[in-house]
file run-v7.txt (compact mmCIF, C-alpha atoms and all ligand atoms)
# COMPACT_ATOMS: atom_id res chain seq x y z
CA MET I 1 5.01 -36.44 3.34
CA ASN I 2 4.10 -36.42 -0.38
CA VAL I 3 6.87 -34.46 -2.08
CA SER I 4 6.19 -33.17 -5.58
CA GLU I 5 8.13 -31.46 -8.35
CA SER I 6 6.49 -29.30 -11.03
CA SER I 7 7.48 -26.96 -13.86
CA HIS I 8 5.91 -23.62 -14.78
CA ASP I 9 6.71 -20.54 -16.84
CA VAL I 10 6.58 -18.22 -13.83
CA ILE I 11 6.69 -18.76 -10.08
CA VAL I 12 5.15 -15.95 -8.04
CA ILE I 13 6.16 -15.96 -4.38
CA GLY I 14 3.61 -13.99 -2.36
CA GLY I 15 -0.14 -14.23 -2.88
CA GLY I 16 -0.98 -10.73 -1.63
CA ALA I 17 -2.30 -7.98 -3.87
CA ILE I 18 0.85 -7.44 -5.96
CA GLY I 19 1.56 -11.17 -6.34
CA LEU I 20 -2.02 -11.79 -7.47
CA ALA I 21 -1.91 -8.83 -9.85
CA ALA I 22 1.34 -10.17 -11.33
CA ALA I 23 -0.21 -13.65 -11.70
CA TYR I 24 -3.35 -12.11 -13.24
CA HIS I 25 -1.32 -10.31 -15.92
CA ALA I 26 1.10 -13.18 -16.50
CA THR I 27 -1.73 -15.69 -17.06
CA ALA I 28 -3.46 -13.13 -19.31
CA GLN I 29 -0.29 -13.16 -21.42
CA GLY I 30 -0.52 -16.94 -21.72
CA ALA I 31 2.02 -17.95 -19.08
CA ARG I 32 1.61 -20.99 -16.82
CA VAL I 33 1.97 -19.61 -13.32
CA VAL I 34 2.24 -21.02 -9.83
CA VAL I 35 1.59 -18.73 -6.85
CA LEU I 36 3.13 -19.75 -3.52
CA GLU I 37 1.58 -18.07 -0.51
CA GLN I 38 2.64 -18.76 3.08
CA ALA I 39 -0.86 -18.01 4.47
CA GLY I 40 -4.21 -18.27 2.69
CA PHE I 41 -5.50 -16.29 -0.29
CA SER I 42 -8.47 -14.74 1.50
CA ASN I 43 -8.41 -11.08 2.53
CA GLN I 44 -5.56 -11.07 5.06
CA ASP I 45 -7.52 -13.27 7.45
CA SER I 46 -10.37 -10.76 7.10
CA SER I 47 -8.65 -8.19 9.34
CA SER I 48 -10.60 -4.94 9.07
CA ALA I 49 -7.34 -3.04 8.53
CA GLY I 50 -7.31 -4.80 5.19
CA ALA I 51 -10.72 -3.65 3.97
CA THR I 52 -9.92 -0.20 2.59
CA ARG I 53 -7.00 1.69 1.08
CA GLN I 54 -6.87 5.22 -0.23
CA PHE I 55 -6.78 5.95 -3.93
CA ARG I 56 -5.36 9.43 -4.55
CA ILE I 57 -3.80 11.12 -7.52
CA GLN I 58 -1.98 13.90 -5.66
CA TYR I 59 1.67 13.29 -4.91
CA SER I 60 4.59 15.53 -4.03
CA GLU I 61 6.57 14.06 -6.93
CA ASP I 62 5.56 14.35 -10.60
CA TYR I 63 6.63 10.77 -11.35
CA MET I 64 4.39 9.35 -8.60
CA ALA I 65 1.34 11.36 -9.71
CA ARG I 66 1.98 10.20 -13.29
CA LEU I 67 2.19 6.61 -12.08
CA VAL I 68 -1.24 6.86 -10.42
CA LEU I 69 -2.69 8.29 -13.63
CA GLN I 70 -1.09 5.42 -15.54
CA SER I 71 -2.67 2.94 -13.13
CA ILE I 72 -6.24 4.11 -13.91
CA PRO I 73 -6.70 2.15 -17.19
CA TYR I 74 -5.52 -0.99 -15.37
CA TRP I 75 -8.09 -0.44 -12.60
CA GLU I 76 -10.73 0.09 -15.30
CA GLU I 77 -9.73 -3.14 -16.97
CA LEU I 78 -10.01 -5.04 -13.66
CA GLN I 79 -13.33 -3.31 -13.01
CA LYS I 80 -14.85 -5.04 -16.07
CA HIS I 81 -14.65 -8.34 -14.16
CA SER I 82 -16.15 -7.00 -10.95
CA ARG I 83 -19.74 -7.16 -9.65
CA ALA I 84 -19.34 -3.84 -7.75
CA PRO I 85 -17.07 -0.77 -7.91
CA LEU I 86 -13.45 -1.43 -6.96
CA LEU I 87 -12.84 2.30 -6.37
CA SER I 88 -15.34 4.67 -4.80
CA ASP I 89 -15.73 8.16 -6.23
CA VAL I 90 -15.97 10.21 -3.02
CA GLY I 91 -12.86 12.24 -3.86
CA SER I 92 -9.90 12.94 -1.62
CA ILE I 93 -9.14 15.86 0.66
CA TRP I 94 -5.77 16.69 2.14
CA PHE I 95 -5.66 19.39 4.79
CA GLY I 96 -3.52 20.63 7.63
CA ASP I 97 -0.39 22.66 8.17
CA PRO I 98 0.77 23.35 4.61
CA ASP I 99 4.46 23.10 5.54
CA VAL I 100 4.30 19.74 7.30
CA SER I 101 5.33 16.64 5.39
CA GLY I 102 4.96 12.95 6.03
CA SER I 103 6.07 9.95 4.02
CA GLU I 104 2.84 10.33 1.99
CA GLY I 105 3.77 13.83 0.80
CA GLN I 106 3.13 17.47 1.55
CA ILE I 107 0.16 19.72 0.76
CA LYS I 108 1.97 22.63 -0.97
CA GLN I 109 4.22 20.37 -3.03
CA ALA I 110 1.26 18.19 -4.07
CA MET I 111 -0.62 21.31 -5.23
CA GLU I 112 2.43 22.39 -7.28
CA VAL I 113 2.60 18.94 -8.91
CA MET I 114 -1.13 19.02 -9.72
CA LYS I 115 -0.75 22.47 -11.30
CA ARG I 116 2.18 21.27 -13.41
CA LEU I 117 0.42 18.08 -14.53
CA LYS I 118 -2.93 19.84 -15.02
CA ILE I 119 -4.67 17.61 -12.49
CA PRO I 120 -7.81 19.47 -11.33
CA PHE I 121 -8.15 20.31 -7.63
CA GLU I 122 -10.00 22.81 -5.49
CA PRO I 123 -7.99 24.66 -2.80
CA LEU I 124 -9.68 24.77 0.61
CA THR I 125 -9.38 26.97 3.69
CA ALA I 126 -9.71 25.55 7.20
CA GLU I 127 -13.23 27.02 7.36
CA GLN I 128 -14.22 25.23 4.13
CA VAL I 129 -12.85 21.91 5.39
CA GLU I 130 -15.02 22.33 8.48
CA GLN I 131 -18.18 23.59 6.78
CA ARG I 132 -18.21 21.23 3.82
CA TYR I 133 -16.79 18.10 5.31
CA GLY I 134 -17.83 18.17 8.98
CA PHE I 135 -14.43 18.52 10.64
CA ALA I 136 -14.12 20.89 13.62
CA GLY I 137 -11.57 22.75 15.72
CA LEU I 138 -8.96 23.10 12.96
CA PRO I 139 -6.30 25.80 13.43
CA ARG I 140 -7.01 28.79 11.16
CA ASN I 141 -3.67 28.54 9.36
CA TYR I 142 -4.61 25.13 7.96
CA LEU I 143 -5.06 24.81 4.21
CA GLY I 144 -6.08 21.97 2.00
CA PHE I 145 -7.55 20.84 -1.26
CA PHE I 146 -10.18 18.54 -2.70
CA GLN I 147 -9.19 16.29 -5.60
CA LYS I 148 -12.19 14.62 -7.19
CA GLY I 149 -10.36 11.65 -8.73
CA GLY I 150 -9.50 10.12 -5.34
CA GLY I 151 -11.55 7.68 -3.33
CA THR I 152 -11.47 4.38 -1.51
CA ILE I 153 -10.36 0.98 -2.79
CA ASN I 154 -12.49 -2.05 -1.95
CA VAL I 155 -9.57 -4.30 -0.98
CA PRO I 156 -11.38 -7.64 -0.46
CA LEU I 157 -13.26 -7.25 -3.74
CA SER I 158 -10.11 -6.38 -5.69
CA LEU I 159 -8.41 -9.52 -4.35
CA GLU I 160 -11.48 -11.62 -5.12
CA VAL I 161 -11.66 -10.32 -8.71
CA MET I 162 -7.99 -11.07 -9.36
CA LEU I 163 -8.25 -14.53 -7.80
CA THR I 164 -11.35 -15.37 -9.82
CA GLN I 165 -9.72 -14.26 -13.06
CA ILE I 166 -6.50 -16.15 -12.30
CA GLN I 167 -8.50 -19.31 -11.63
CA ALA I 168 -10.67 -18.77 -14.73
CA SER I 169 -7.54 -18.53 -16.89
CA GLY I 170 -6.94 -22.25 -16.35
CA ARG I 171 -3.21 -21.52 -16.40
CA ALA I 172 -2.52 -20.98 -12.70
CA THR I 173 -1.84 -23.17 -9.72
CA LEU I 174 -2.57 -21.44 -6.42
CA CYS I 175 -0.70 -22.96 -3.48
CA PRO I 176 -1.69 -21.64 -0.04
CA ARG I 177 0.28 -22.43 3.14
CA GLN I 178 3.54 -22.91 1.27
CA SER I 179 6.46 -21.34 3.00
CA VAL I 180 9.52 -21.01 0.85
CA LYS I 181 12.71 -22.49 2.26
CA ALA I 182 15.22 -21.95 -0.55
CA VAL I 183 15.55 -20.32 -3.96
CA LYS I 184 18.23 -21.34 -6.45
CA SER I 185 18.77 -19.17 -9.48
CA SER I 186 20.92 -19.62 -12.58
CA ALA I 187 20.95 -18.37 -16.17
CA ASP I 188 18.64 -21.31 -17.01
CA GLY I 189 15.88 -20.41 -14.54
CA VAL I 190 14.87 -20.80 -10.93
CA LEU I 191 14.21 -23.64 -8.51
CA VAL I 192 12.13 -22.99 -5.41
CA ALA I 193 11.94 -25.44 -2.49
CA THR I 194 9.16 -25.16 0.08
CA ALA I 195 9.30 -26.14 3.74
CA ASN I 196 7.30 -29.31 3.06
CA GLY I 197 9.85 -30.42 0.47
CA ASP I 198 8.00 -29.57 -2.77
CA LEU I 199 10.09 -28.30 -5.68
CA TYR I 200 8.94 -25.76 -8.26
CA ARG I 201 10.92 -25.01 -11.43
CA ALA I 202 10.36 -22.10 -13.79
CA GLY I 203 12.13 -19.83 -16.21
CA LYS I 204 11.07 -16.75 -14.25
CA LEU I 205 10.41 -15.76 -10.66
CA ILE I 206 8.39 -12.83 -9.31
CA LEU I 207 8.97 -12.04 -5.64
CA ALA I 208 6.25 -9.97 -3.97
CA ILE I 209 6.51 -10.97 -0.34
CA GLY I 210 5.41 -7.70 1.28
CA PRO I 211 6.43 -7.33 4.91
CA CYS I 212 8.59 -10.49 4.64
CA SER I 213 10.88 -8.80 2.09
CA ASN I 214 13.81 -8.44 4.51
CA ARG I 215 13.94 -12.26 4.38
CA LEU I 216 15.31 -11.92 0.83
CA ARG I 217 18.68 -11.67 2.59
CA ASN I 218 18.46 -15.30 3.60
CA LEU I 219 16.75 -16.52 0.43
CA LEU I 220 18.94 -14.78 -2.17
CA ASP I 221 21.42 -12.52 -0.33
CA ILE I 222 19.45 -9.46 -1.49
CA HIS I 223 19.41 -6.55 0.98
CA LEU I 224 16.53 -4.13 0.44
CA ASP I 225 16.60 -2.56 3.89
CA LEU I 226 12.94 -2.12 4.64
CA THR I 227 11.46 -1.02 7.88
CA ILE I 228 8.08 -2.43 8.88
CA TRP I 229 5.40 -0.43 10.62
CA GLN I 230 2.75 -2.24 12.60
CA MET I 231 -0.06 0.19 11.79
CA VAL I 232 -3.28 0.30 13.76
CA SER I 233 -6.77 0.88 12.46
CA CYS I 234 -10.00 1.78 14.25
CA TYR I 235 -13.62 2.37 13.36
CA PHE I 236 -15.83 5.01 15.00
CA LYS I 237 -19.62 4.87 15.20
CA LYS I 238 -21.54 7.53 13.29
CA ARG I 239 -23.71 9.66 15.56
CA LYS I 240 -26.29 10.23 12.77
CA PRO I 241 -26.99 8.38 9.49
CA THR I 242 -26.27 11.57 7.50
CA VAL I 243 -22.65 11.84 8.75
CA ASP I 244 -20.10 10.99 6.07
CA PHE I 245 -16.72 12.08 4.71
CA PRO I 246 -14.66 11.84 1.55
CA SER I 247 -11.36 10.00 1.89
CA TRP I 248 -9.04 12.35 3.76
CA PHE I 249 -5.57 12.85 5.18
CA VAL I 250 -4.43 15.47 7.73
CA PHE I 251 -0.86 16.76 8.13
CA GLU I 252 -0.24 18.33 11.54
CA GLU I 253 2.83 19.59 13.37
CA GLU I 254 4.62 16.76 15.14
CA LYS I 255 4.40 16.84 18.95
CA PRO I 256 6.62 14.91 21.37
CA ASP I 257 4.09 12.10 21.68
CA ASP I 258 1.99 12.52 18.52
CA ALA I 259 3.25 12.33 14.94
CA GLY I 260 0.17 14.28 13.82
CA LEU I 261 -0.69 12.31 10.65
CA TYR I 262 -4.16 10.76 10.44
CA TYR I 263 -6.37 9.57 7.63
CA GLY I 264 -9.84 8.22 7.09
CA PHE I 265 -12.52 7.06 4.71
CA GLU I 266 -16.20 7.34 3.95
CA GLU I 267 -18.62 4.79 5.38
CA VAL I 268 -18.31 1.70 3.18
CA PRO I 269 -20.92 -1.04 2.90
CA TRP I 270 -18.34 -3.84 2.85
CA SER I 271 -16.69 -3.06 6.17
CA ASN I 272 -18.49 -2.23 9.42
CA PRO I 273 -21.44 -0.20 8.06
CA GLY I 274 -22.60 2.48 10.47
CA TYR I 275 -18.96 3.06 11.42
CA ILE I 276 -16.19 5.06 9.78
CA ARG I 277 -12.56 4.02 9.61
CA VAL I 278 -9.91 6.45 10.93
CA ALA I 279 -6.27 5.50 11.39
CA PRO I 280 -2.91 7.01 12.28
CA ALA I 281 -0.40 7.21 9.41
CA PHE I 282 2.43 6.44 11.80
CA ALA I 283 3.36 3.53 13.99
CA LYS I 284 4.91 3.29 17.39
CA HIS I 285 5.80 -0.33 16.79
CA VAL I 286 8.52 -0.43 14.11
CA ILE I 287 10.12 -3.79 13.35
CA ARG I 288 12.39 -5.57 10.86
CA ASP I 289 10.53 -8.86 10.53
CA PRO I 290 6.85 -9.89 10.80
CA ASP I 291 7.80 -12.33 13.58
CA GLU I 292 8.28 -9.26 15.83
CA ARG I 293 4.62 -8.27 15.38
CA THR I 294 2.68 -7.87 18.63
CA PRO I 295 -0.61 -9.75 18.94
CA GLU I 296 -2.54 -6.58 19.86
CA PRO I 297 -2.67 -3.23 18.04
CA ASP I 298 -0.68 -0.56 19.89
CA PRO I 299 -2.99 0.97 22.57
CA GLY I 300 -1.09 4.29 22.45
CA ASP I 301 -1.67 4.69 18.69
CA ILE I 302 -5.35 3.83 19.19
CA ALA I 303 -5.68 6.37 22.03
CA LEU I 304 -4.10 9.13 19.89
CA THR I 305 -6.49 8.36 17.03
CA SER I 306 -9.49 8.38 19.35
CA GLN I 307 -8.35 11.74 20.79
CA TRP I 308 -8.01 13.19 17.27
CA VAL I 309 -11.52 12.01 16.40
CA GLY I 310 -12.84 13.48 19.66
CA ARG I 311 -11.25 16.87 18.89
CA HIS I 312 -12.03 17.15 15.18
CA MET I 313 -14.83 14.80 14.07
CA PRO I 314 -17.98 15.71 16.03
CA GLY I 315 -20.10 13.42 13.83
CA LEU I 316 -18.38 10.35 15.29
CA ASP I 317 -18.44 8.76 18.72
CA PRO I 318 -14.71 8.74 19.68
CA THR I 319 -14.86 5.26 21.24
CA PRO I 320 -12.62 3.09 19.06
CA SER I 321 -14.21 -0.11 17.70
CA PHE I 322 -13.06 -2.98 15.46
CA THR I 323 -9.42 -2.18 16.24
CA SER I 324 -6.81 -4.13 14.33
CA SER I 325 -3.33 -3.80 12.92
CA CYS I 326 -1.55 -4.55 9.68
CA LEU I 327 2.09 -4.47 8.58
CA ALA I 328 3.41 -1.92 6.09
CA ALA I 329 6.92 -2.39 4.66
CA LEU I 330 8.62 0.88 3.73
CA PRO I 331 12.06 1.51 2.23
CA ILE I 332 14.31 2.99 4.92
CA ASP I 333 15.51 5.59 2.44
CA PRO I 334 12.60 8.09 2.51
CA ASP I 335 13.30 9.12 -1.10
CA LYS I 336 12.66 5.60 -2.30
CA LYS I 337 8.92 5.17 -2.70
CA MET I 338 9.15 1.42 -3.37
CA PHE I 339 11.44 -1.20 -4.94
CA LEU I 340 10.54 -2.61 -8.36
CA ASP I 341 13.36 -4.08 -10.38
CA PHE I 342 15.18 -7.18 -11.54
CA ALA I 343 17.34 -8.83 -8.90
CA PRO I 344 20.77 -7.19 -8.52
CA GLY I 345 23.36 -8.24 -11.15
CA SER I 346 25.39 -10.06 -8.49
CA ILE I 347 22.68 -12.77 -8.35
CA PRO I 348 23.11 -15.55 -10.98
CA GLY I 349 20.33 -15.28 -13.58
CA SER I 350 19.34 -11.91 -12.10
CA ARG I 351 17.12 -10.95 -15.04
CA ASN I 352 14.99 -14.02 -14.47
CA ILE I 353 13.95 -12.58 -11.10
CA VAL I 354 11.60 -9.62 -10.62
CA ILE I 355 11.26 -8.06 -7.18
CA PHE I 356 8.56 -5.80 -5.83
CA ALA I 357 8.77 -4.61 -2.22
CA GLY I 358 7.70 -1.77 0.04
CA GLY I 359 5.77 1.45 -0.17
CA TRP I 360 2.21 2.76 -0.06
CA ALA I 361 1.41 0.76 -3.15
CA TYR I 362 -2.20 -0.43 -3.15
CA LYS I 363 -3.36 2.37 -5.45
CA PHE I 364 -0.97 1.04 -8.11
CA VAL I 365 -1.77 -2.67 -7.72
CA PRO I 366 -3.06 -3.59 -11.21
CA LEU I 367 -0.36 -1.51 -12.91
CA LEU I 368 2.42 -2.97 -10.75
CA GLY I 369 1.13 -6.45 -11.56
CA ARG I 370 1.34 -5.64 -15.26
CA ILE I 371 4.87 -4.27 -14.86
CA CYS I 372 6.01 -7.36 -12.92
CA ALA I 373 4.51 -9.65 -15.58
CA ASP I 374 6.08 -7.63 -18.42
CA LEU I 375 9.51 -7.64 -16.77
CA ALA I 376 9.30 -11.39 -16.23
CA LEU I 377 7.86 -12.37 -19.62
CA GLN I 378 9.17 -9.66 -21.98
CA GLY I 379 12.28 -8.62 -20.06
CA ARG I 380 11.17 -4.95 -20.11
CA THR I 381 8.35 -2.53 -19.35
CA GLN I 382 7.10 0.59 -21.12
CA PHE I 383 6.76 2.37 -17.74
CA ASP I 384 9.51 4.36 -16.08
CA ILE I 385 10.48 2.33 -13.04
CA SER I 386 13.94 3.89 -12.69
CA PRO I 387 13.00 5.66 -9.39
CA PHE I 388 12.32 2.23 -7.86
CA GLN I 389 15.64 0.62 -8.79
CA ILE I 390 17.29 -1.64 -6.24
CA PRO I 391 20.65 -0.02 -5.44
CA ALA I 392 23.60 -2.04 -6.78
CA GLU I 393 25.53 -1.42 -3.59
CA ARG I 394 24.12 -2.44 -0.25
CA MET I 395 22.87 0.55 1.68
CA ALA I 396 24.99 1.32 4.72
CA ALA I 397 23.64 -0.37 7.81
CA VAL I 398 21.26 2.20 9.25
CA ASP I 399 19.04 2.49 12.21
CA PRO I 400 15.59 2.01 10.64
CA THR I 401 14.03 4.35 13.15
CA ALA I 402 16.40 7.21 12.45
CA LEU I 403 15.66 7.96 8.81
CA ARG I 404 11.91 7.90 8.56
CA ARG I 405 10.48 10.88 10.30
CA ARG I 406 7.35 10.16 12.33
CA SER I 407 7.93 6.53 13.05
CA LEU I 408 9.69 6.32 16.38
CA ALA I 409 10.28 10.00 16.92
CA PHE I 410 8.14 9.89 20.02
C1 LIG C 501 -1.40 7.00 0.88
O1 LIG C 501 -2.29 7.67 0.34
O2 LIG C 501 -0.40 6.65 0.26
C2 LIG C 501 -1.54 6.66 2.31
C3 LIG C 501 -2.70 6.98 2.97
C4 LIG C 501 -2.82 6.64 4.29
C5 LIG C 501 -1.81 6.00 4.97
C6 LIG C 501 -0.64 5.70 4.30
C7 LIG C 501 -0.50 6.02 2.98
call {"tool": "encode", "arguments": {"input": "run-v7.txt", "output": "structure tokens"}}
result
Amino acid sequence: MNVSESSHDVIVIGGGAIGLAAAYHATAQGARVVVLEQAGFSNQDSSSAGATRQFRIQYSEDYMARLVLQSIPYWEELQKHSRAPLLSDVGSIWFGDPDVSGSEGQIKQAMEVMKRLKIPFEPLTAEQVEQRYGFAGLPRNYLGFFQKGGGTINVPLSLEVMLTQIQASGRATLCPRQSVKAVKSSADGVLVATANGDLYRAGKLILAIGPCSNRLRNLLDIHLDLTIWQMVSCYFKKRKPTVDFPSWFVFEEEKPDDAGLYYGFEEVPWSNPGYIRVAPAFAKHVIRDPDERTPEPDPGDIALTSQWVGRHMPGLDPTPSFTSSCLAALPIDPDKKMFLDFAPGSIPGSRNIVIFAGGWAYKFVPLLGRICADLALQGRTQFDISPFQIPAERMAAVDPTALRRRSLAF
């Protein structure tokens, strides 16, 4: 075993989207960065669940809608380095029972926020959702809206662009298949030891370890209390070439065996052309650590999605194809949209350590990367990240399935 020791300005642990965005911005600010990733840097082992994410401006909270708006210049900046669009411009529709809420938000509240922030949107009736967008069989009390600024993120391309720019900076060392065994932190900086015995020293550390974030307990005695949903994804064959959709999300009344939240995308050329991705925004399989992941996507979640497509999307063959699953880490406290902060003050050298974890965050990726880099290198950010503070006190031990509606309620 060849053991090595190296020094850097910043160590990033986690080579997923946020870790890469942080490395991209840190190298752009002149820092020498090493990124340690336990798997590879390619698109999540090319799982099709990783190909698309929704970009939407509407939120039920003003501060979240503002954050998406603030992310747009950072997407535009990344776009300059890309050979194809990173965000599609199909727009976003939300529809369904206007009083139902999920962890993504609620239709009426989102419309109130858009009115307050002067974000344009077009209200829709159930009939309009059916006639304009090809859905069918919607209850007549359903309402919705179209917001033209939403669309679909090309996930593999966004990762590729960030990786290429990080490499082109000449200031980054990318280390795949490095699992971190120990982190030591002091006022002077951080020391990270990997399982194969390599040592990395730096003044600053950015931790963006996604669904592994509960492991921060063992690494640094930091308790974030995240629950992890093993979310399934399916594609459905178009019955005719002309069938297509904007990006969409439906909020339905919860039934004993169906959380009633589904979402989907337009046909995209980079992932299963001829098919359209539809997925449930809930998960039957809720875990605390990625090691508890099942090898197969949950067949019950797939069956519910297929039934929804069969009832409401006549342009698609309801046979599920290209099924897969991915892990989403979500703060157990439903009012916490994500964690983004320095390490708690109880950790030695806490302000040398920046932590990002949890949430539906892909739409913010380039902005969150900039914030992580600014916190690490400047010790501050111009953006309001107070809603994402890590609580000083440990949250009371809670049953992860009890607090988040629509996870294990059925
Ligand atoms: C979101 O827009 O944040 C979202 C969409 C689908 C599933 C989960 C989250």
call {"tool": "closest_atom_pairs", "arguments": {"input": "run-v7.txt", "of": "region 170-214 of chain I", "to": "region 361-370 of chain I", "cutoff": "12 Å", "atoms": "all atoms listed in the file", "output": "tab-separated table"}}
result
residue	atom	partner	partner_atom	distance
I:Ile206	CA	I:Gly369	CA	9.9
I:Leu207	CA	I:Gly369	CA	11.3
I:Ala208	CA	I:Gly369	CA	9.8
I:Gly210	CA	I:Ala361	CA	10.4
call {"tool": "atom_distance", "arguments": {"input": "run-v7.txt", "atom1": "CA of Glu267 (chain I)", "atom2": "CA of Ile18 (chain I)"}}
result
25.6 Å
call {"tool": "residues_near_ligand", "arguments": {"input": "run-v7.txt", "ligand": "ligand LIG 501 (chain C)", "cutoff": "9 Å", "atoms": "all atoms listed in the file", "output": "JSON, numbers by chain"}}
result
{"I": [53, 54, 55, 56, 57, 58, 59, 103, 104, 105, 248, 249, 261, 262, 263, 264, 279, 280, 281, 282, 328, 359, 360, 361, 362, 363]}
call {"tool": "atom_distance", "arguments": {"input": "run-v7.txt", "atom1": "CA of Ala195 (chain I)", "atom2": "CA of Ser7 (chain I)"}}
result
17.7 Å
call {"tool": "closest_residue", "arguments": {"input": "run-v7.txt", "among": "I:Thr52, I:Ser60, I:Gln38, I:Gln307", "to": "Cys326 (chain I)", "atoms": "all atoms listed in the file"}}
result
I:Thr52
call {"tool": "residues_around", "arguments": {"input": "run-v7.txt", "residues": "Gly14 (chain I)", "least_positions_apart": "4", "cutoff": "12 Å", "atoms": "all atoms listed in the file", "output": "VMD selection string"}}
result
chain I and resid 18 to 23 34 to 41 174 to 180 205 to 213 355 to 357
call {"tool": "closest_residue", "arguments": {"input": "run-v7.txt", "among": "I:Phe236, I:Ala392, I:Leu124, I:Tyr24", "to": "Pro273 (chain I)", "atoms": "all atoms listed in the file"}}
result
I:Phe236
call {"tool": "residues_around", "arguments": {"input": "run-v7.txt", "residues": "Ser324 (chain I)", "least_positions_apart": "6", "cutoff": "10 Å", "atoms": "only C-alpha atoms", "output": "number ranges by chain"}}
result
I: 47-50, 230-235, 295-298, 302
call {"tool": "closest_residue", "arguments": {"input": "run-v7.txt", "among": "I:Ala202, I:Ala31, I:Ile119, I:Val161", "to": "Glu77 (chain I)", "atoms": "all atoms listed in the file"}}
result
I:Val161
call {"tool": "residues_around", "arguments": {"input": "run-v7.txt", "residues": "Pro318 (chain I)", "least_positions_apart": "4", "cutoff": "9 Å", "atoms": "all atoms listed in the file", "output": "ChimeraX atom specification"}}
result
/I:236-237,305-311,313-314
call {"tool": "write_last_selection", "arguments": {"input": "run-v7.txt", "atoms": "C-alpha atoms", "output": "CSV table (one decimal), in the coordinates of the input"}}
result
chain,number,residue,atom,x,y,z
I,236,PHE,CA,-15.8,5.0,15.0
I,237,LYS,CA,-19.6,4.9,15.2
I,305,THR,CA,-6.5,8.4,17.0
I,306,SER,CA,-9.5,8.4,19.4
I,307,GLN,CA,-8.4,11.7,20.8
I,308,TRP,CA,-8.0,13.2,17.3
I,309,VAL,CA,-11.5,12.0,16.4
I,310,GLY,CA,-12.8,13.5,19.7
I,311,ARG,CA,-11.2,16.9,18.9
I,313,MET,CA,-14.8,14.8,14.1
I,314,PRO,CA,-18.0,15.7,16.0
call {"tool": "closest_atom_pairs", "arguments": {"input": "run-v7.txt", "of": "region 175-230 of chain I", "to": "region 334-353 of chain I", "cutoff": "9 Å", "atoms": "only C-alpha atoms", "output": "tab-separated table"}}
result
residue	atom	partner	partner_atom	distance
I:Lys184	CA	I:Pro348	CA	8.8
I:Ser185	CA	I:Pro348	CA	5.8
I:Ser186	CA	I:Gly349	CA	4.5
I:Ala187	CA	I:Gly349	CA	4.1
I:Asp188	CA	I:Gly349	CA	7.1
I:Gly189	CA	I:Asn352	CA	6.5
I:Val190	CA	I:Asn352	CA	7.6
I:Gly203	CA	I:Asn352	CA	6.7
I:Lys204	CA	I:Asn352	CA	4.8
I:Leu205	CA	I:Ile353	CA	4.8
I:Ile206	CA	I:Ile353	CA	5.8
I:Leu207	CA	I:Ile353	CA	7.4
I:Leu220	CA	I:Ile347	CA	7.5
I:Asp221	CA	I:Ile347	CA	8.1
I:Ile222	CA	I:Pro344	CA	7.5
I:Leu224	CA	I:Phe339	CA	8.0
call {"tool": "closest_residue", "arguments": {"input": "run-v7.txt", "among": "I:Val68, I:Val3, I:Met114, I:Ile13", "to": "Leu219 (chain I)", "atoms": "all atoms listed in the file"}}
result
I:Ile13
call {"tool": "residues_near_point", "arguments": {"input": "run-v7.txt", "point": "(16.4, -10.5, 8.5)", "cutoff": "10 Å", "atoms": "only C-alpha atoms", "output": "PDB file with C-alpha atoms, in the frame of the given file"}}
result
ATOM      1  CA  CYS I 212       8.590 -10.490   4.640  1.00  0.00           C
ATOM      2  CA  SER I 213      10.880  -8.800   2.090  1.00  0.00           C
ATOM      3  CA  ASN I 214      13.810  -8.440   4.510  1.00  0.00           C
ATOM      4  CA  ARG I 215      13.940 -12.260   4.380  1.00  0.00           C
ATOM      5  CA  LEU I 216      15.310 -11.920   0.830  1.00  0.00           C
ATOM      6  CA  ARG I 217      18.680 -11.670   2.590  1.00  0.00           C
ATOM      7  CA  ASN I 218      18.460 -15.300   3.600  1.00  0.00           C
ATOM      8  CA  HIS I 223      19.410  -6.550   0.980  1.00  0.00           C
ATOM      9  CA  ASP I 225      16.600  -2.560   3.890  1.00  0.00           C
ATOM     10  CA  LEU I 226      12.940  -2.120   4.640  1.00  0.00           C
ATOM     11  CA  ARG I 288      12.390  -5.570  10.860  1.00  0.00           C
ATOM     12  CA  ASP I 289      10.530  -8.860  10.530  1.00  0.00           C
ATOM     13  CA  PRO I 290       6.850  -9.890  10.800  1.00  0.00           C
TER      14      PRO I 290
END
